[in-house]
Amino acid sequence: MTVKVRIAPSPTGNLHVGTARTALFNWLYARHHGGEFILRIEDTDLERSKPEFERDIIDGLTWLGLHWDNGVLYRQSEHVATYRSHLQRLLDEGKAFWREFTTDEKAALAADGRTPRDSIICLKEPDDTSIMFDDVIRGRIEVNARRDVGIVSLAKDLDTPLYNFAVVIDDLEMGITDVIRGEDHISNTPKQLLIYRALGATPPRFAHLPLILGPDRSKLSKRHGAVSMTEYRKDYLPEAMMDFLAHLGHTYPEEIMTPEALIAGFELANVHKSGAVFDARKLDWMNAQYLKRMSPSAFKSLVGHPELDDAAVPIMTERLERLSSVDTFSYLWEEPRYEADLLRWKGDDRARTLKALSEVALLADRAALTQDDLDMLAADHFDGTKGSVYWPLRVALSGLDKSAGPMDILAVIGPERARERILTAISKLQ
RNA sequence: GGCCCUGUCGUCUAGUCUGGCCUAGGACACCGGAUUUUCAUUCCGGUAACACGGGUUCAAAUCCCGUCGGGGCUACCA
């Protein structure tokens, strides 16, 4: 049987990194086995589901490069008839029943600010039997149906299915072969198994992924900072993000791997059992690695400056980790602004700085500046102190205390603009 | 509290199934050095872990038992 997996996010928030990672593992698994990867929108919670969140999830998944095989989106809300018929059948067969709430339960709910209803549809209370499954990642998991699971709620009414029920019906209807999801769903699995049993259906295989953790080792959430993919898009390359996420909880032989290699090497057997902390610094490093490997033209258009000379590319890629910091290189495309005092190298006074810059300007007037010219200038007139020449020139060109070297900048902006900047620096000192 | 999952450097991890090649390897981060006009890149080097306690064994990170720790779930959310 060919493999068919799904990612089933609920559009009650933007695409969470944890959901993205689960999606990635499902995708990797499907592609590795030549199977299908389905996107299913779990919008049974009508109140919290929002179209803009659905949009964000779709955009995020697309950005990451995770393409699903069902062209038309499957939304649970569009399949009420299916849930209804299964629900009715379960009711008719006496496997499910309308469970009345006690006044106490209703009071508790009302106190919570919610409008309680009189009854919901539940599965008949299970027998005192053990219910078990062999998790592909964790091995056998076994619990007592009556004591540990109890009564499973299925739907608020015939047209309003609840999560556990909708998931089972959809997975069944779609022919999902492997359910690969977060560890936080382990405790839902016995409930769903009970539903499969009531339906007389064969459950799929289950594989529970370790959670992505925050620095304090609890499930990654908003209080840890950015958790939505959207927030990462402005800083990272999708291939870097994919690579990073793929390594969280899965063993791979290399740090930097192409999507093809990730697919080829993906094995549920190599998925870990314990959670992994999301380390943004490693993501930064990976991103930097991918940036360095980009072609000059691709990089230039990525950062929005296709007009730049190719020489600008290594200047940026050698220093850039997060895309949003690209403005620190603005001196490559616009005139720098700075205070005159920044031009002075260490103990040098204004006169000496002015002299250095003037000599450089003279040199630049005669011919294209070379490193040899500058070295000679330093040796002849500044007792060998290269800094006295290089520093003012570099600041004149970049306007910053930290930047690429003057010769590198010169190669990007050209001799004309360089000369103008040197002249500007000289006038600042006068 | 109950049920379930889990435990190798600060972090991601190799090694655990099939005990010896592990005086525990790699990567990120960090520290130091080389190159050097600043920053960065690059290259060298370094600090740093088998949660703890028993047991089995000639030999245990690896097997067994216990303890402790961390996490998840505990909805008329998903």
# chains A, B, ... in the order shown; residues from 1 in each chain; ligands from 1
call {"tool": "residues_around", "arguments": {"residues": "stretch 258-264 of chain A", "least_positions_apart": "6", "cutoff": "8 Å", "atoms": "only C-alpha atoms (C1' of nucleotides)", "output": "NGL selection string"}}
result
:A and (28-29 or 31-32 or 239 or 242-243 or 246 or 252)
call {"tool": "interface_residues", "arguments": {"of": "chain B", "to": "chain A", "cutoff": "9 Å", "atoms": "only C-alpha atoms (C1' of nucleotides)", "output": "NGL selection string"}}
result
:B and (2-7 or 11-14 or 27-29 or 37-41 or 70-74 or 76-78)
call {"tool": "write_last_selection", "arguments": {"atoms": "C-alpha atoms (C1' of nucleotides)", "output": "PDB file, in the first residue's frame"}}
result
ATOM      1  C1'   G B   2      -3.863  11.014  37.621  1.00  0.00           C
ATOM      2  C1'   C B   3      -2.265   8.935  32.961  1.00  0.00           C
ATOM      3  C1'   C B   4       1.501   8.955  29.342  1.00  0.00           C
ATOM      4  C1'   C B   5       6.292  10.238  27.077  1.00  0.00           C
ATOM      5  C1'   U B   6      11.362  11.215  27.989  1.00  0.00           C
ATOM      6  C1'   G B   7      16.827  11.877  30.166  1.00  0.00           C
ATOM      7  C1'   U B  11      22.231  23.761  22.434  1.00  0.00           C
ATOM      8  C1'   C B  12      21.479  20.170  18.060  1.00  0.00           C
ATOM      9  C1'   U B  13      23.399  15.387  18.017  1.00  0.00           C
ATOM     10  C1'   A B  14      26.910  10.322  17.007  1.00  0.00           C
ATOM     11  C1'   A B  27      28.142  20.765  14.640  1.00  0.00           C
ATOM     12  C1'   C B  28      26.266  25.594  16.803  1.00  0.00           C
ATOM     13  C1'   A B  29      27.538  28.837  20.669  1.00  0.00           C
ATOM     14  C1'   U B  37      43.203  49.124   8.725  1.00  0.00           C
ATOM     15  C1'   U B  38      37.865  48.033  11.629  1.00  0.00           C
ATOM     16  C1'   C B  39      34.102  44.301  11.177  1.00  0.00           C
ATOM     17  C1'   A B  40      33.541  39.746   9.032  1.00  0.00           C
ATOM     18  C1'   U B  41      35.143  35.468   6.365  1.00  0.00           C
ATOM     19  C1'   G B  70      12.297  17.306  32.474  1.00  0.00           C
ATOM     20  C1'   G B  71       7.986  17.398  29.413  1.00  0.00           C
ATOM     21  C1'   G B  72       2.975  16.408  27.442  1.00  0.00           C
ATOM     22  C1'   C B  73      -2.115  15.521  28.239  1.00  0.00           C
ATOM     23  C1'   U B  74      -5.918  15.861  31.573  1.00  0.00           C
ATOM     24  C1'   C B  76     -18.886  21.191  25.023  1.00  0.00           C
ATOM     25  C1'   C B  77     -10.170  23.667  21.607  1.00  0.00           C
ATOM     26  C1'   A B  78      -7.335  21.538  18.046  1.00  0.00           C
TER      27        A B  78
END
call {"tool": "residues_around", "arguments": {"residues": "A:Gln192", "least_positions_apart": "5", "cutoff": "12 Å", "atoms": "only C-alpha atoms (C1' of nucleotides)", "output": "JSON list (two decimals) with C-alpha atoms, in the first residue's frame"}}
result
[["chain", "number", "residue", "atom", "x", "y", "z"],
["A", 123, "LEU", "CA", -18.94, 7.22, 22.78],
["A", 131, "ILE", "CA", -5.99, -0.37, 24.58],
["A", 132, "MET", "CA", -2.63, -0.33, 22.89],
["A", 133, "PHE", "CA", -0.81, 0.70, 19.78],
["A", 145, "ALA", "CA", -9.65, 2.20, 28.41],
["A", 149, "VAL", "CA", -9.56, 7.22, 28.70],
["A", 150, "GLY", "CA", -13.15, 7.17, 29.85],
["A", 151, "ILE", "CA", -15.99, 8.61, 27.87],
["A", 152, "VAL", "CA", -14.92, 10.18, 24.60],
["A", 153, "SER", "CA", -16.91, 13.14, 23.34],
["A", 154, "LEU", "CA", -17.58, 13.04, 19.61],
["A", 162, "LEU", "CA", -15.35, 17.59, 17.79],
["A", 163, "TYR", "CA", -11.66, 17.19, 17.07],
["A", 164, "ASN", "CA", -11.05, 13.52, 17.88],
["A", 165, "PHE", "CA", -14.05, 12.36, 15.91],
["A", 166, "ALA", "CA", -13.45, 14.56, 12.88],
["A", 167, "VAL", "CA", -9.82, 13.47, 12.71],
["A", 168, "VAL", "CA", -10.72, 9.81, 12.70],
["A", 169, "ILE", "CA", -13.42, 10.18, 10.06],
["A", 170, "ASP", "CA", -11.18, 12.26, 7.81],
["A", 171, "ASP", "CA", -8.20, 9.98, 8.14],
["A", 172, "LEU", "CA", -10.47, 7.08, 7.28],
["A", 179, "VAL", "CA", -0.44, 9.62, 11.19],
["A", 185, "HIS", "CA", -1.24, 13.93, 20.63],
["A", 186, "ILE", "CA", -0.13, 10.72, 22.27],
["A", 187, "SER", "CA", -2.92, 11.00, 24.80],
["A", 197, "ARG", "CA", -13.07, 0.38, 17.15],
["A", 198, "ALA", "CA", -16.65, 1.63, 17.41],
["A", 199, "LEU", "CA", -16.60, 2.30, 13.68],
["A", 201, "ALA", "CA", -12.38, 0.35, 11.12],
["A", 202, "THR", "CA", -8.68, -0.40, 10.98],
["A", 203, "PRO", "CA", -6.58, 2.46, 12.36],
["A", 204, "PRO", "CA", -3.52, 3.81, 10.52],
["A", 206, "PHE", "CA", 0.95, 6.26, 14.38]]
call {"tool": "atom_distance", "arguments": {"atom1": "atom CA of A:Pro296", "atom2": "atom CA of A:Ser324"}}
result
18.1 Å
call {"tool": "residues_around", "arguments": {"residues": "stretch 19-22 of chain B", "least_positions_apart": "5", "cutoff": "12 Å", "atoms": "only C-alpha atoms (C1' of nucleotides)", "output": "list of chain:residue names"}}
result
B:U8, B:A14, B:C50, B:U56, B:U57, B:C58, B:A59, B:A60, B:A61, B:U62, B:C63
call {"tool": "write_last_selection", "arguments": {"atoms": "C-alpha atoms (C1' of nucleotides)", "output": "PDB file, in the first residue's frame"}}
result
ATOM      1  C1'   U B   8      24.898  11.983  26.293  1.00  0.00           C
ATOM      2  C1'   A B  14      26.910  10.322  17.007  1.00  0.00           C
ATOM      3  C1'   C B  50      27.084   9.665  29.566  1.00  0.00           C
ATOM      4  C1'   U B  56      25.033  -8.279  36.156  1.00  0.00           C
ATOM      5  C1'   U B  57      29.903  -8.871  33.669  1.00  0.00           C
ATOM      6  C1'   C B  58      36.782  -9.940  32.764  1.00  0.00           C
ATOM      7  C1'   A B  59      34.541  -5.344  30.640  1.00  0.00           C
ATOM      8  C1'   A B  60      28.572  -0.816  30.842  1.00  0.00           C
ATOM      9  C1'   A B  61      27.069   5.503  27.998  1.00  0.00           C
ATOM     10  C1'   U B  62      25.423   0.704  26.206  1.00  0.00           C
ATOM     11  C1'   C B  63      21.965  -4.884  29.887  1.00  0.00           C
TER      12        C B  63
END
call {"tool": "residues_around", "arguments": {"residues": "B:C68", "least_positions_apart": "2", "cutoff": "10 Å", "atoms": "only C-alpha atoms (C1' of nucleotides)", "output": "MDAnalysis selection string"}}
result
chainID B and resid 51:53
call {"tool": "select_by_dssp", "arguments": {"residues": "stretch 135-299 of chain A", "states": "strand (DSSP E or B)", "output": "PyMOL selection string"}}
result
chain A and resi 135+139-144+153-157+160-161+178-182+205-209+212-213+219+228+250+271+276-277
call {"tool": "select_by_dssp", "arguments": {"residues": "stretch 3-239 of chain A", "states": "alpha helix (DSSP H)", "output": "number ranges by chain"}}
result
A: 17-32, 51-64, 80-92, 103-111, 163-174, 189-199, 229-233, 238-239
call {"tool": "write_last_selection", "arguments": {"atoms": "C-alpha atoms", "output": "PDB file, in the first residue's frame"}}
result
ATOM      1  CA  VAL A  17       6.974  26.472  13.754  1.00  0.00           C
ATOM      2  CA  GLY A  18       5.927  23.251  15.446  1.00  0.00           C
ATOM      3  CA  THR A  19       3.218  22.714  12.860  1.00  0.00           C
ATOM      4  CA  ALA A  20       5.685  23.551  10.110  1.00  0.00           C
ATOM      5  CA  ARG A  21       8.112  20.968  11.449  1.00  0.00           C
ATOM      6  CA  THR A  22       5.374  18.337  11.631  1.00  0.00           C
ATOM      7  CA  ALA A  23       4.375  19.242   8.087  1.00  0.00           C
ATOM      8  CA  LEU A  24       7.984  18.925   7.000  1.00  0.00           C
ATOM      9  CA  PHE A  25       8.403  15.464   8.526  1.00  0.00           C
ATOM     10  CA  ASN A  26       5.197  14.298   6.890  1.00  0.00           C
ATOM     11  CA  TRP A  27       6.324  15.719   3.578  1.00  0.00           C
ATOM     12  CA  LEU A  28       9.764  14.157   3.915  1.00  0.00           C
ATOM     13  CA  TYR A  29       8.188  10.818   4.723  1.00  0.00           C
ATOM     14  CA  ALA A  30       5.762  10.986   1.803  1.00  0.00           C
ATOM     15  CA  ARG A  31       8.451  12.018  -0.660  1.00  0.00           C
ATOM     16  CA  HIS A  32      10.855   9.403   0.621  1.00  0.00           C
ATOM     17  CA  PRO A  51      -9.709  32.820   6.818  1.00  0.00           C
ATOM     18  CA  GLU A  52      -6.613  34.946   7.361  1.00  0.00           C
ATOM     19  CA  PHE A  53      -5.025  32.218   9.432  1.00  0.00           C
ATOM     20  CA  GLU A  54      -5.775  29.682   6.729  1.00  0.00           C
ATOM     21  CA  ARG A  55      -4.091  32.040   4.272  1.00  0.00           C
ATOM     22  CA  ASP A  56      -1.063  32.377   6.520  1.00  0.00           C
ATOM     23  CA  ILE A  57      -0.741  28.609   6.890  1.00  0.00           C
ATOM     24  CA  ILE A  58      -0.943  28.091   3.146  1.00  0.00           C
ATOM     25  CA  ASP A  59       1.566  30.854   2.479  1.00  0.00           C
ATOM     26  CA  GLY A  60       3.971  29.566   5.102  1.00  0.00           C
ATOM     27  CA  LEU A  61       3.870  26.005   3.849  1.00  0.00           C
ATOM     28  CA  THR A  62       4.336  27.181   0.288  1.00  0.00           C
ATOM     29  CA  TRP A  63       7.232  29.407   1.288  1.00  0.00           C
ATOM     30  CA  LEU A  64       8.927  26.471   2.998  1.00  0.00           C
ATOM     31  CA  VAL A  80     -20.459  17.968   7.790  1.00  0.00           C
ATOM     32  CA  ALA A  81     -22.674  15.537   5.925  1.00  0.00           C
ATOM     33  CA  THR A  82     -20.022  12.853   6.235  1.00  0.00           C
ATOM     34  CA  TYR A  83     -19.560  13.367   9.947  1.00  0.00           C
ATOM     35  CA  ARG A  84     -23.299  13.466  10.395  1.00  0.00           C
ATOM     36  CA  SER A  85     -23.896  10.126   8.732  1.00  0.00           C
ATOM     37  CA  HIS A  86     -21.197   8.405  10.757  1.00  0.00           C
ATOM     38  CA  LEU A  87     -22.497  10.000  13.900  1.00  0.00           C
ATOM     39  CA  GLN A  88     -26.035   8.886  13.138  1.00  0.00           C
ATOM     40  CA  ARG A  89     -24.838   5.362  12.476  1.00  0.00           C
ATOM     41  CA  LEU A  90     -22.977   5.198  15.766  1.00  0.00           C
ATOM     42  CA  LEU A  91     -26.067   6.504  17.532  1.00  0.00           C
ATOM     43  CA  ASP A  92     -28.310   4.002  15.775  1.00  0.00           C
ATOM     44  CA  THR A 103     -26.302  21.022  36.561  1.00  0.00           C
ATOM     45  CA  ASP A 104     -22.917  21.123  38.238  1.00  0.00           C
ATOM     46  CA  GLU A 105     -21.100  20.675  34.969  1.00  0.00           C
ATOM     47  CA  LYS A 106     -23.174  23.371  33.348  1.00  0.00           C
ATOM     48  CA  ALA A 107     -22.543  25.725  36.199  1.00  0.00           C
ATOM     49  CA  ALA A 108     -18.809  25.160  35.924  1.00  0.00           C
ATOM     50  CA  LEU A 109     -18.920  25.934  32.236  1.00  0.00           C
ATOM     51  CA  ALA A 110     -21.042  29.008  32.712  1.00  0.00           C
ATOM     52  CA  ALA A 111     -18.612  30.206  35.347  1.00  0.00           C
ATOM     53  CA  TYR A 163     -11.664  17.185  17.065  1.00  0.00           C
ATOM     54  CA  ASN A 164     -11.054  13.518  17.884  1.00  0.00           C
ATOM     55  CA  PHE A 165     -14.051  12.364  15.910  1.00  0.00           C
ATOM     56  CA  ALA A 166     -13.455  14.562  12.878  1.00  0.00           C
ATOM     57  CA  VAL A 167      -9.820  13.466  12.714  1.00  0.00           C
ATOM     58  CA  VAL A 168     -10.721   9.805  12.695  1.00  0.00           C
ATOM     59  CA  ILE A 169     -13.423  10.182  10.062  1.00  0.00           C
ATOM     60  CA  ASP A 170     -11.185  12.264   7.815  1.00  0.00           C
ATOM     61  CA  ASP A 171      -8.202   9.977   8.138  1.00  0.00           C
ATOM     62  CA  LEU A 172     -10.474   7.082   7.284  1.00  0.00           C
ATOM     63  CA  GLU A 173     -12.213   8.794   4.383  1.00  0.00           C
ATOM     64  CA  MET A 174      -8.915   9.940   2.938  1.00  0.00           C
ATOM     65  CA  THR A 189      -4.492   8.346  20.310  1.00  0.00           C
ATOM     66  CA  PRO A 190      -6.294   5.926  22.663  1.00  0.00           C
ATOM     67  CA  LYS A 191      -9.445   8.019  22.328  1.00  0.00           C
ATOM     68  CA  GLN A 192      -9.213   7.859  18.578  1.00  0.00           C
ATOM     69  CA  LEU A 193      -8.494   4.153  18.729  1.00  0.00           C
ATOM     70  CA  LEU A 194     -11.743   3.710  20.617  1.00  0.00           C
ATOM     71  CA  ILE A 195     -13.542   5.565  17.841  1.00  0.00           C
ATOM     72  CA  TYR A 196     -11.927   3.371  15.182  1.00  0.00           C
ATOM     73  CA  ARG A 197     -13.065   0.377  17.153  1.00  0.00           C
ATOM     74  CA  ALA A 198     -16.648   1.628  17.405  1.00  0.00           C
ATOM     75  CA  LEU A 199     -16.599   2.295  13.678  1.00  0.00           C
ATOM     76  CA  MET A 229       6.636  31.144  10.377  1.00  0.00           C
ATOM     77  CA  THR A 230       5.660  34.565   9.141  1.00  0.00           C
ATOM     78  CA  GLU A 231       8.002  36.140  11.642  1.00  0.00           C
ATOM     79  CA  TYR A 232      10.907  34.041  10.388  1.00  0.00           C
ATOM     80  CA  ARG A 233      10.314  34.695   6.736  1.00  0.00           C
ATOM     81  CA  PRO A 238      13.287  28.818   3.207  1.00  0.00           C
ATOM     82  CA  GLU A 239      15.914  26.201   2.412  1.00  0.00           C
TER      83      GLU A 239
END
call {"tool": "residues_around", "arguments": {"residues": "A:Glu339", "least_positions_apart": "3", "cutoff": "10 Å", "atoms": "only C-alpha atoms (C1' of nucleotides)", "output": "list in words"}}
result
Leu342, Leu343, Val395, Gly399, Leu400, Ala425, Lys428 and Leu429 of chain A
call {"tool": "atom_distance", "arguments": {"atom1": "atom CA of A:Asp348", "atom2": "atom CA of A:Ile426"}}
result
14.9 Å
